[in-house]
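Working notes, structure below.
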Amino acid sequence: MQGGFPIDLILFAMVAAFLVLRLRGVLGKRTGYERPPQQPQGVQGPAARAEGVAEEIMPAQRSNTRRVVPDVRSPTGAALARIVSADPQFDPNTFLDGAEGAFGMIVNAFAQGDRETLRALLSDDTYAGFEGAITAREQAGERQRTEIRSMHEMVIEGAELRGTVADVTVRFISDQVNMTTGRDGEIVAGSDAITEVIDIWTFQRDIATDDPAWRLVATRSG
């Protein structure tokens with residue numbers, strides 16, 4: 001496939017990380033809003049490899065998710081316009097379409113310890129942090145269960161073009177189940193309650209290169 005953001009996002013950086021509760025200060029944050037446990041809906045299986053996820057991130061997710069692209073008159077909107085001017089194939093709305101699929105893929109890969117998928121999607125520094133957390137979890141004999149039940153909102157809240165390097169920052173607000181169990185199967189962190197989680201991820205790409213990949217370079221809680 002050529003052009004278009006979905007490919008970029010996929011190979012790229014579907015960035016980011018997900019929260020294990022012990023990492024939530026880095027990858028996400030509970031907002032204090034929890035719902036009672038519910039039956040799983042559409043629990044994701046093993047993370048798809050980067051080359052096979054185009055179909056995963058394209059489908060109609062838009063109806064249930066609020067997407068916000070800043071007005072061009074705002075500082076962030078003006079920065080997005082500069083990125084579009086430098087790279088006409090970049091479209092903020094299409095970017096957000098792909099970002100939702102990317103978010104789910106990264107979260108799923110982190111929970112399952114899928115290093116191969118994460119390595120293809122994250123920057124070197126970001127991957128090192130994720131891999132270290134996965135290793136610590138494995139050494140402790142723990143398992144992570146993560147389910148994204150719904151995505152409420154995605155907002156482009158930051159953008160920057162420095163020379164040929166473009167950054168786009170997205171705020172994700174989702175309902176998730178996050179639970180870590182120990183060797184004996186007992187819960188050591190989290191619960192099966194649905195919790196609203198806010199993640200803010202920054203994706204980066206050098207638009208002057210032939211590499212179409214956007215990669216996650218920074219994460220923080222909302």
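Residue numbering restarts at 1 in every chain; chains get A, B, ... in the order shown in the structure tokens, and ligands count up from 1 in that same order.
Those residues that approach stretch 113-119 of chain A to within 7 Å, counting only C-alpha atoms, are A:Arg49, A:Ala50, A:Ile106, A:Ala109, A:Phe110, A:Ala111, A:Leu121, A:Leu122, A:Tyr127, A:Glu131, A:Ile134; same-chain residues fewer than 2 positions away are not listed.
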Pull N, CA, C and O atoms from the residues just selected and write them as a CSV table (one decimal), in the first residue's frame.
chain,number,residue,atom,x,y,z
A,49,ARG,N,0.8,-8.7,13.9
A,49,ARG,CA,2.1,-8.1,13.5
A,49,ARG,C,1.9,-6.9,12.6
A,49,ARG,O,0.8,-6.7,12.0
A,50,ALA,N,2.9,-6.0,12.6
A,50,ALA,CA,2.7,-4.7,12.0
A,50,ALA,C,2.3,-4.9,10.5
A,50,ALA,O,1.5,-4.1,10.0
A,106,ILE,N,-1.1,-1.6,20.6
A,106,ILE,CA,0.0,-1.5,21.6
A,106,ILE,C,-0.3,-2.0,23.0
A,106,ILE,O,0.4,-2.7,23.6
A,109,ALA,N,-0.4,-5.7,22.9
A,109,ALA,CA,1.0,-6.3,22.8
A,109,ALA,C,1.7,-6.2,24.2
A,109,ALA,O,2.4,-7.1,24.6
A,110,PHE,N,1.6,-5.1,24.8
A,110,PHE,CA,2.2,-4.9,26.1
A,110,PHE,C,1.7,-5.9,27.1
A,110,PHE,O,2.5,-6.5,27.9
A,111,ALA,N,0.4,-6.0,27.2
A,111,ALA,CA,-0.2,-6.9,28.2
A,111,ALA,C,0.3,-8.4,27.9
A,111,ALA,O,0.5,-9.1,28.9
A,121,LEU,N,7.0,-0.8,16.6
A,121,LEU,CA,6.1,0.3,16.7
A,121,LEU,C,6.6,1.4,17.6
A,121,LEU,O,6.1,2.6,17.5
A,122,LEU,N,7.6,1.2,18.4
A,122,LEU,CA,8.0,2.2,19.4
A,122,LEU,C,9.4,2.7,19.0
A,122,LEU,O,10.2,2.0,18.4
A,127,TYR,N,10.7,1.7,23.7
A,127,TYR,CA,10.7,0.2,23.7
A,127,TYR,C,11.5,-0.3,24.9
A,127,TYR,O,11.1,-1.2,25.5
A,131,GLU,N,10.0,-2.9,27.4
A,131,GLU,CA,10.6,-4.2,27.5
A,131,GLU,C,11.1,-4.5,28.9
A,131,GLU,O,11.0,-5.6,29.4
A,134,ILE,N,8.1,-5.6,31.0
A,134,ILE,CA,7.7,-6.9,30.6
A,134,ILE,C,8.6,-7.9,31.3
A,134,ILE,O,8.2,-8.9,31.8
Considering only C-alpha atoms, return as a PyMOL selection string whatever protein or nucleic-acid residues lie within 8 Å of A:Thr146, sequence-local ones (same chain, fewer than 2 positions apart) excluded. chain A and resi 107-108+111+144+148+176-179
Next, the residues of the selection above should be written as a PDB file, in the first residue's frame with all heavy atoms.
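As written to disk, again.pdb reads:
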ATOM      1  N   VAL A 107      -1.520  -1.600  23.403  1.00  0.00           N
ATOM      2  CA  VAL A 107      -1.986  -2.020  24.725  1.00  0.00           C
ATOM      3  C   VAL A 107      -2.019  -3.542  24.817  1.00  0.00           C
ATOM      4  O   VAL A 107      -1.572  -4.145  25.796  1.00  0.00           O
ATOM      5  CB  VAL A 107      -3.389  -1.433  24.997  1.00  0.00           C
ATOM      6  CG1 VAL A 107      -4.053  -2.137  26.165  1.00  0.00           C
ATOM      7  CG2 VAL A 107      -3.291   0.056  25.265  1.00  0.00           C
ATOM      8  N   ASN A 108      -2.549  -4.160  23.790  1.00  0.00           N
ATOM      9  CA  ASN A 108      -2.659  -5.610  23.762  1.00  0.00           C
ATOM     10  C   ASN A 108      -1.285  -6.270  23.747  1.00  0.00           C
ATOM     11  O   ASN A 108      -1.030  -7.240  24.467  1.00  0.00           O
ATOM     12  CB  ASN A 108      -3.469  -6.029  22.535  1.00  0.00           C
ATOM     13  CG  ASN A 108      -3.977  -7.448  22.624  1.00  0.00           C
ATOM     14  OD1 ASN A 108      -4.389  -7.898  23.681  1.00  0.00           O
ATOM     15  ND2 ASN A 108      -3.970  -8.143  21.498  1.00  0.00           N
ATOM     16  N   ALA A 111       0.407  -6.011  27.205  1.00  0.00           N
ATOM     17  CA  ALA A 111      -0.184  -6.918  28.182  1.00  0.00           C
ATOM     18  C   ALA A 111       0.257  -8.359  27.944  1.00  0.00           C
ATOM     19  O   ALA A 111       0.471  -9.119  28.889  1.00  0.00           O
ATOM     20  CB  ALA A 111      -1.705  -6.814  28.140  1.00  0.00           C
ATOM     21  N   GLN A 144      -0.439 -10.124  32.996  1.00  0.00           N
ATOM     22  CA  GLN A 144      -1.239  -8.912  32.859  1.00  0.00           C
ATOM     23  C   GLN A 144      -2.465  -9.176  32.005  1.00  0.00           C
ATOM     24  O   GLN A 144      -2.364  -9.725  30.905  1.00  0.00           O
ATOM     25  CB  GLN A 144      -0.406  -7.799  32.224  1.00  0.00           C
ATOM     26  CG  GLN A 144      -1.170  -6.522  31.947  1.00  0.00           C
ATOM     27  CD  GLN A 144      -1.537  -5.762  33.207  1.00  0.00           C
ATOM     28  OE1 GLN A 144      -0.909  -5.956  34.247  1.00  0.00           O
ATOM     29  NE2 GLN A 144      -2.530  -4.899  33.116  1.00  0.00           N
ATOM     30  N   ILE A 148      -9.604  -3.294  26.490  1.00  0.00           N
ATOM     31  CA  ILE A 148     -10.172  -1.985  26.183  1.00  0.00           C
ATOM     32  C   ILE A 148     -11.642  -2.215  25.881  1.00  0.00           C
ATOM     33  O   ILE A 148     -11.984  -2.828  24.870  1.00  0.00           O
ATOM     34  CB  ILE A 148      -9.474  -1.327  24.988  1.00  0.00           C
ATOM     35  CG1 ILE A 148      -7.984  -1.158  25.274  1.00  0.00           C
ATOM     36  CG2 ILE A 148     -10.113   0.027  24.675  1.00  0.00           C
ATOM     37  CD1 ILE A 148      -7.200  -0.636  24.093  1.00  0.00           C
ATOM     38  N   GLN A 176     -11.261   0.724  30.436  1.00  0.00           N
ATOM     39  CA  GLN A 176     -10.408  -0.453  30.384  1.00  0.00           C
ATOM     40  C   GLN A 176     -10.575  -1.315  31.626  1.00  0.00           C
ATOM     41  O   GLN A 176     -11.008  -0.843  32.678  1.00  0.00           O
ATOM     42  CB  GLN A 176      -8.932  -0.037  30.290  1.00  0.00           C
ATOM     43  CG  GLN A 176      -8.603   0.840  29.101  1.00  0.00           C
ATOM     44  CD  GLN A 176      -7.153   1.267  29.085  1.00  0.00           C
ATOM     45  OE1 GLN A 176      -6.306   0.668  29.756  1.00  0.00           O
ATOM     46  NE2 GLN A 176      -6.860   2.308  28.325  1.00  0.00           N
ATOM     47  N   VAL A 177     -10.201  -2.566  31.479  1.00  0.00           N
ATOM     48  CA  VAL A 177     -10.031  -3.472  32.610  1.00  0.00           C
ATOM     49  C   VAL A 177      -8.551  -3.798  32.674  1.00  0.00           C
ATOM     50  O   VAL A 177      -7.959  -4.235  31.678  1.00  0.00           O
ATOM     51  CB  VAL A 177     -10.843  -4.770  32.437  1.00  0.00           C
ATOM     52  CG1 VAL A 177     -10.481  -5.776  33.541  1.00  0.00           C
ATOM     53  CG2 VAL A 177     -12.335  -4.474  32.443  1.00  0.00           C
ATOM     54  N   ASN A 178      -7.929  -3.558  33.828  1.00  0.00           N
ATOM     55  CA  ASN A 178      -6.504  -3.831  34.008  1.00  0.00           C
ATOM     56  C   ASN A 178      -6.306  -4.625  35.289  1.00  0.00           C
ATOM     57  O   ASN A 178      -6.713  -4.199  36.371  1.00  0.00           O
ATOM     58  CB  ASN A 178      -5.708  -2.528  34.112  1.00  0.00           C
ATOM     59  CG  ASN A 178      -5.682  -1.773  32.802  1.00  0.00           C
ATOM     60  OD1 ASN A 178      -4.977  -2.140  31.882  1.00  0.00           O
ATOM     61  ND2 ASN A 178      -6.470  -0.715  32.715  1.00  0.00           N
ATOM     62  N   MET A 179      -5.675  -5.775  35.162  1.00  0.00           N
ATOM     63  CA  MET A 179      -5.490  -6.629  36.327  1.00  0.00           C
ATOM     64  C   MET A 179      -4.207  -7.436  36.182  1.00  0.00           C
ATOM     65  O   MET A 179      -3.925  -7.991  35.119  1.00  0.00           O
ATOM     66  CB  MET A 179      -6.689  -7.567  36.473  1.00  0.00           C
ATOM     67  CG  MET A 179      -6.670  -8.435  37.711  1.00  0.00           C
ATOM     68  SD  MET A 179      -8.268  -9.284  37.930  1.00  0.00           S
ATOM     69  CE  MET A 179      -8.301 -10.301  36.445  1.00  0.00           C
TER      70      MET A 179
END
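From atom CA of A:Val197 back to atom CA of A:Ala159, the distance works out to 22.1 Å.
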Taking only C-alpha atoms into account, name the residue in A:Asp184, A:Asp175, A:Glu196, A:Glu100 that is nearest to A:Glu142. A:Asp184
Would you mind listing, for every residue of stretch 132-154 of chain A within 8 Å of stretch 63-82 of chain A, the two atoms forming the shortest contact and the distance between them in Å to one decimal, using only C-alpha atoms, sorted by chain and ascending residue number, as CSV?
residue,atom,partner,partner_atom,distance
A:Met151,CA,A:Thr65,CA,5.8
A:His152,CA,A:Thr65,CA,4.9
A:Glu153,CA,A:Arg66,CA,4.5
A:Met154,CA,A:Arg67,CA,5.0
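You will find atom CA of A:Ile156 at 28.0 Å from atom CA of A:Ala193.
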With only C-alpha atoms counted and 9 Å as the cut-off, give the residues of stretch 64-118 of chain A in contact with stretch 198-212 of chain A, each with its shortest interatomic distance in Å and the pair that gives it, as a tab-separated table.
residue	atom	partner	partner_atom	distance
A:Ile83	CA	A:Ile207	CA	8.7
A:Ala86	CA	A:Ile207	CA	7.7
A:Asp87	CA	A:Ile207	CA	6.7
Based on the backbone DSSP call, show me all residues of stretch 63-162 of chain A assigned strand (DSSP E or B), as an MDAnalysis selection string. chainID A and resid 66:68 122 143:162
Output for the residues just chosen: N, CA and C atoms as a PDB file, in the first residue's frame:
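Final output, saved to out_18.pdb:
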ATOM      1  N   ARG A  66     -15.491  10.021  20.031  1.00  0.00           N
ATOM      2  CA  ARG A  66     -15.422  11.443  19.698  1.00  0.00           C
ATOM      3  C   ARG A  66     -13.991  11.779  19.309  1.00  0.00           C
ATOM      4  N   ARG A  67     -13.827  12.376  18.137  1.00  0.00           N
ATOM      5  CA  ARG A  67     -12.514  12.762  17.650  1.00  0.00           C
ATOM      6  C   ARG A  67     -12.458  14.275  17.548  1.00  0.00           C
ATOM      7  N   VAL A  68     -11.374  14.841  18.040  1.00  0.00           N
ATOM      8  CA  VAL A  68     -11.244  16.299  18.053  1.00  0.00           C
ATOM      9  C   VAL A  68      -9.944  16.710  17.374  1.00  0.00           C
ATOM     10  N   LEU A 122       7.577   1.184  18.388  1.00  0.00           N
ATOM     11  CA  LEU A 122       8.028   2.185  19.350  1.00  0.00           C
ATOM     12  C   LEU A 122       9.431   2.688  19.030  1.00  0.00           C
ATOM     13  N   ARG A 143       1.150 -12.127  35.440  1.00  0.00           N
ATOM     14  CA  ARG A 143       0.502 -12.022  34.144  1.00  0.00           C
ATOM     15  C   ARG A 143      -0.402 -10.790  34.145  1.00  0.00           C
ATOM     16  N   GLN A 144      -0.439 -10.124  32.996  1.00  0.00           N
ATOM     17  CA  GLN A 144      -1.239  -8.912  32.859  1.00  0.00           C
ATOM     18  C   GLN A 144      -2.465  -9.176  32.005  1.00  0.00           C
ATOM     19  N   ARG A 145      -3.599  -8.800  32.506  1.00  0.00           N
ATOM     20  CA  ARG A 145      -4.836  -8.864  31.727  1.00  0.00           C
ATOM     21  C   ARG A 145      -5.284  -7.428  31.458  1.00  0.00           C
ATOM     22  N   THR A 146      -5.425  -7.096  30.199  1.00  0.00           N
ATOM     23  CA  THR A 146      -5.868  -5.756  29.816  1.00  0.00           C
ATOM     24  C   THR A 146      -6.919  -5.873  28.727  1.00  0.00           C
ATOM     25  N   GLU A 147      -8.024  -5.199  28.920  1.00  0.00           N
ATOM     26  CA  GLU A 147      -9.095  -5.166  27.920  1.00  0.00           C
ATOM     27  C   GLU A 147      -9.527  -3.719  27.730  1.00  0.00           C
ATOM     28  N   ILE A 148      -9.604  -3.294  26.490  1.00  0.00           N
ATOM     29  CA  ILE A 148     -10.172  -1.985  26.183  1.00  0.00           C
ATOM     30  C   ILE A 148     -11.642  -2.215  25.881  1.00  0.00           C
ATOM     31  N   ARG A 149     -12.513  -1.733  26.753  1.00  0.00           N
ATOM     32  CA  ARG A 149     -13.943  -1.948  26.569  1.00  0.00           C
ATOM     33  C   ARG A 149     -14.551  -0.926  25.621  1.00  0.00           C
ATOM     34  N   SER A 150     -14.055   0.301  25.665  1.00  0.00           N
ATOM     35  CA  SER A 150     -14.568   1.319  24.749  1.00  0.00           C
ATOM     36  C   SER A 150     -13.601   2.496  24.725  1.00  0.00           C
ATOM     37  N   MET A 151     -13.608   3.208  23.608  1.00  0.00           N
ATOM     38  CA  MET A 151     -12.826   4.436  23.476  1.00  0.00           C
ATOM     39  C   MET A 151     -13.815   5.593  23.406  1.00  0.00           C
ATOM     40  N   HIS A 152     -13.704   6.509  24.347  1.00  0.00           N
ATOM     41  CA  HIS A 152     -14.642   7.624  24.400  1.00  0.00           C
ATOM     42  C   HIS A 152     -14.207   8.812  23.549  1.00  0.00           C
ATOM     43  N   GLU A 153     -12.931   9.125  23.619  1.00  0.00           N
ATOM     44  CA  GLU A 153     -12.494  10.363  22.979  1.00  0.00           C
ATOM     45  C   GLU A 153     -11.020  10.300  22.616  1.00  0.00           C
ATOM     46  N   MET A 154     -10.696  10.905  21.468  1.00  0.00           N
ATOM     47  CA  MET A 154      -9.311  11.101  21.055  1.00  0.00           C
ATOM     48  C   MET A 154      -9.173  12.550  20.610  1.00  0.00           C
ATOM     49  N   VAL A 155      -8.201  13.221  21.179  1.00  0.00           N
ATOM     50  CA  VAL A 155      -8.016  14.642  20.906  1.00  0.00           C
ATOM     51  C   VAL A 155      -6.568  14.903  20.512  1.00  0.00           C
ATOM     52  N   ILE A 156      -6.367  15.554  19.386  1.00  0.00           N
ATOM     53  CA  ILE A 156      -5.018  16.023  19.062  1.00  0.00           C
ATOM     54  C   ILE A 156      -4.792  17.287  19.882  1.00  0.00           C
ATOM     55  N   GLU A 157      -3.951  17.188  20.874  1.00  0.00           N
ATOM     56  CA  GLU A 157      -3.769  18.338  21.757  1.00  0.00           C
ATOM     57  C   GLU A 157      -2.377  18.961  21.652  1.00  0.00           C
ATOM     58  N   GLY A 158      -1.576  18.479  20.734  1.00  0.00           N
ATOM     59  CA  GLY A 158      -0.265  19.072  20.528  1.00  0.00           C
ATOM     60  C   GLY A 158       0.306  18.661  19.187  1.00  0.00           C
ATOM     61  N   ALA A 159       1.049  19.557  18.564  1.00  0.00           N
ATOM     62  CA  ALA A 159       1.723  19.253  17.302  1.00  0.00           C
ATOM     63  C   ALA A 159       2.898  20.209  17.154  1.00  0.00           C
ATOM     64  N   GLU A 160       3.915  19.717  16.463  1.00  0.00           N
ATOM     65  CA  GLU A 160       5.111  20.548  16.278  1.00  0.00           C
ATOM     66  C   GLU A 160       5.873  20.054  15.049  1.00  0.00           C
ATOM     67  N   LEU A 161       6.442  20.973  14.311  1.00  0.00           N
ATOM     68  CA  LEU A 161       7.309  20.632  13.186  1.00  0.00           C
ATOM     69  C   LEU A 161       8.625  21.354  13.402  1.00  0.00           C
ATOM     70  N   ARG A 162       9.681  20.560  13.662  1.00  0.00           N
ATOM     71  CA  ARG A 162      11.017  21.094  13.880  1.00  0.00           C
ATOM     72  C   ARG A 162      11.887  20.646  12.713  1.00  0.00           C
TER      73      ARG A 162
END
